[in-house]
Amino acid sequence: MVLDSLTNSANYEALNPYFKMAFDYIKKTDWSTVEPGKILLDGKNCFINVINQAGKTPEAAKFETHNNYLDIQIPLDGTELMGFIPTDELKLPDAPYNPEKDITKYSDKTDCFIMVKPMHFAIFWPWDGHQPCVGEGNWKKLVVKIKL
């Protein structure tokens with residue numbers, strides 16, 4: 001897992017060939033004018049989901065993992081808490097892995113949360129169990145999906 005500001009994104013571009021493309025696109029776009037939906041940067045290899053998110057309590061938010069994609073999650077206009085547990089420590093799957101959506105959801109709980117401020121980002125790899133959407137109110141966010 002990585003947590004940092006978009007102003008430091010160049011420090012991570014060597015970690016994946018799509019990071020520079022995604023971060024450049026994110027930094028040049030006026031997100032206040034973009035409606036929720038999917039933006040394809042390189043087909044199924046790299047795309048951005050634009051989401052209007054309603055905050056959830058830690059009890060209501062689910063942990064998730066992905067097998068084939070990594071996530072870069074970026075709140076645009078609100079602060080979001082995200083729980084963290086290494087994937088190999090998650091023990092309570094809600095259902096089997098869904099290959100069509102590349103997701104497994106879990107009911108595990110944690111006391112380990114990171115605070116992701118607007119225009120900061122968290123990167124989650126398949127070995128990073130994450131619990132997004134914890135917070136109050138509503139905010140707009142980006143979830144960049146990059147195929148591994």
# chains A, B, ... in the order shown; residues from 1 in each chain; ligands from 1
$ select_by_dssp --residues "chain A" --states "helix (DSSP H, G or I)" --output "ChimeraX atom specification"
/A:6-15,19-28,31-33,87-89
$ residues_around --residues "Leu41 of chain A" --least-positions-apart "6" --cutoff "8 Å" --atoms "only C-alpha atoms" --output "list in words"
Met21, Ala22, Phe47 and Ile48 of chain A
$ residues_around --residues "Phe124 of chain A" --least-positions-apart "6" --cutoff "12 Å" --atoms "only C-alpha atoms" --output "count of residues only"
29
$ closest_residue --among "A:Ala54, A:Ser5, A:Pro36, A:Ala14" --to "Gly137 of chain A" --atoms "only C-alpha atoms"
A:Ala54
$ atom_distance --atom1 "atom CA of Lys91 of chain A" --atom2 "atom CA of Asp128 of chain A"
13.6 Å
$ closest_residue --among "A:Lys56, A:Thr7, A:Lys147, A:Leu142" --to "Glu35 of chain A" --atoms "only C-alpha atoms"
A:Leu142
$ decode --residues "segment 80-96 of chain A" --atoms "N, CA, C and O atoms" --output "CSV table (one decimal), in the first residue's frame"
chain,number,residue,atom,x,y,z
A,80,GLU,N,-11.6,10.7,3.0
A,80,GLU,CA,-12.1,9.3,3.1
A,80,GLU,C,-11.2,8.5,4.0
A,80,GLU,O,-10.0,8.6,3.9
A,81,LEU,N,-11.8,7.7,4.9
A,81,LEU,CA,-11.0,6.8,5.7
A,81,LEU,C,-11.0,5.4,4.9
A,81,LEU,O,-12.1,5.1,4.3
A,82,MET,N,-9.9,4.7,5.0
A,82,MET,CA,-9.8,3.4,4.3
A,82,MET,C,-9.2,2.5,5.3
A,82,MET,O,-8.1,2.7,5.8
A,83,GLY,N,-9.9,1.4,5.6
A,83,GLY,CA,-9.3,0.4,6.4
A,83,GLY,C,-8.2,-0.5,5.7
A,83,GLY,O,-8.3,-0.5,4.4
A,84,PHE,N,-7.3,-1.1,6.4
A,84,PHE,CA,-6.3,-1.9,5.8
A,84,PHE,C,-6.0,-3.1,6.6
A,84,PHE,O,-5.9,-3.1,7.8
A,85,ILE,N,-6.0,-4.3,5.9
A,85,ILE,CA,-5.5,-5.5,6.4
A,85,ILE,C,-4.8,-6.3,5.3
A,85,ILE,O,-5.3,-6.3,4.2
A,86,PRO,N,-3.6,-6.8,5.5
A,86,PRO,CA,-3.0,-7.6,4.4
A,86,PRO,C,-4.0,-8.7,4.0
A,86,PRO,O,-4.7,-9.3,4.8
A,87,THR,N,-4.0,-9.0,2.7
A,87,THR,CA,-5.0,-9.9,2.1
A,87,THR,C,-4.9,-11.3,2.8
A,87,THR,O,-5.9,-11.9,3.1
A,88,ASP,N,-3.7,-11.7,3.1
A,88,ASP,CA,-3.6,-13.1,3.7
A,88,ASP,C,-4.0,-13.2,5.1
A,88,ASP,O,-4.1,-14.2,5.7
A,89,GLU,N,-4.4,-12.0,5.7
A,89,GLU,CA,-5.0,-12.0,7.1
A,89,GLU,C,-6.5,-11.9,7.1
A,89,GLU,O,-7.1,-12.0,8.1
A,90,LEU,N,-7.1,-11.7,5.9
A,90,LEU,CA,-8.6,-11.6,5.8
A,90,LEU,C,-9.1,-13.0,5.9
A,90,LEU,O,-8.7,-13.9,5.3
A,91,LYS,N,-10.1,-13.2,6.8
A,91,LYS,CA,-10.7,-14.5,7.1
A,91,LYS,C,-12.1,-14.7,6.9
A,91,LYS,O,-12.6,-15.8,6.9
A,92,LEU,N,-12.9,-13.6,6.6
A,92,LEU,CA,-14.4,-13.7,6.5
A,92,LEU,C,-14.9,-13.3,5.2
A,92,LEU,O,-15.6,-12.2,5.1
A,93,PRO,N,-14.7,-14.1,4.1
A,93,PRO,CA,-15.2,-13.7,2.8
A,93,PRO,C,-16.8,-13.8,2.8
A,93,PRO,O,-17.4,-14.6,3.5
A,94,ASP,N,-17.4,-12.8,2.2
A,94,ASP,CA,-18.9,-12.8,2.1
A,94,ASP,C,-19.3,-13.7,1.0
A,94,ASP,O,-20.5,-14.2,1.1
A,95,ALA,N,-18.5,-14.0,0.0
A,95,ALA,CA,-18.9,-14.8,-1.1
A,95,ALA,C,-17.5,-15.2,-1.8
A,95,ALA,O,-16.5,-14.6,-1.6
A,96,PRO,N,-17.6,-16.2,-2.7
A,96,PRO,CA,-16.4,-16.5,-3.5
A,96,PRO,C,-15.9,-15.4,-4.3
A,96,PRO,O,-16.7,-14.5,-4.7
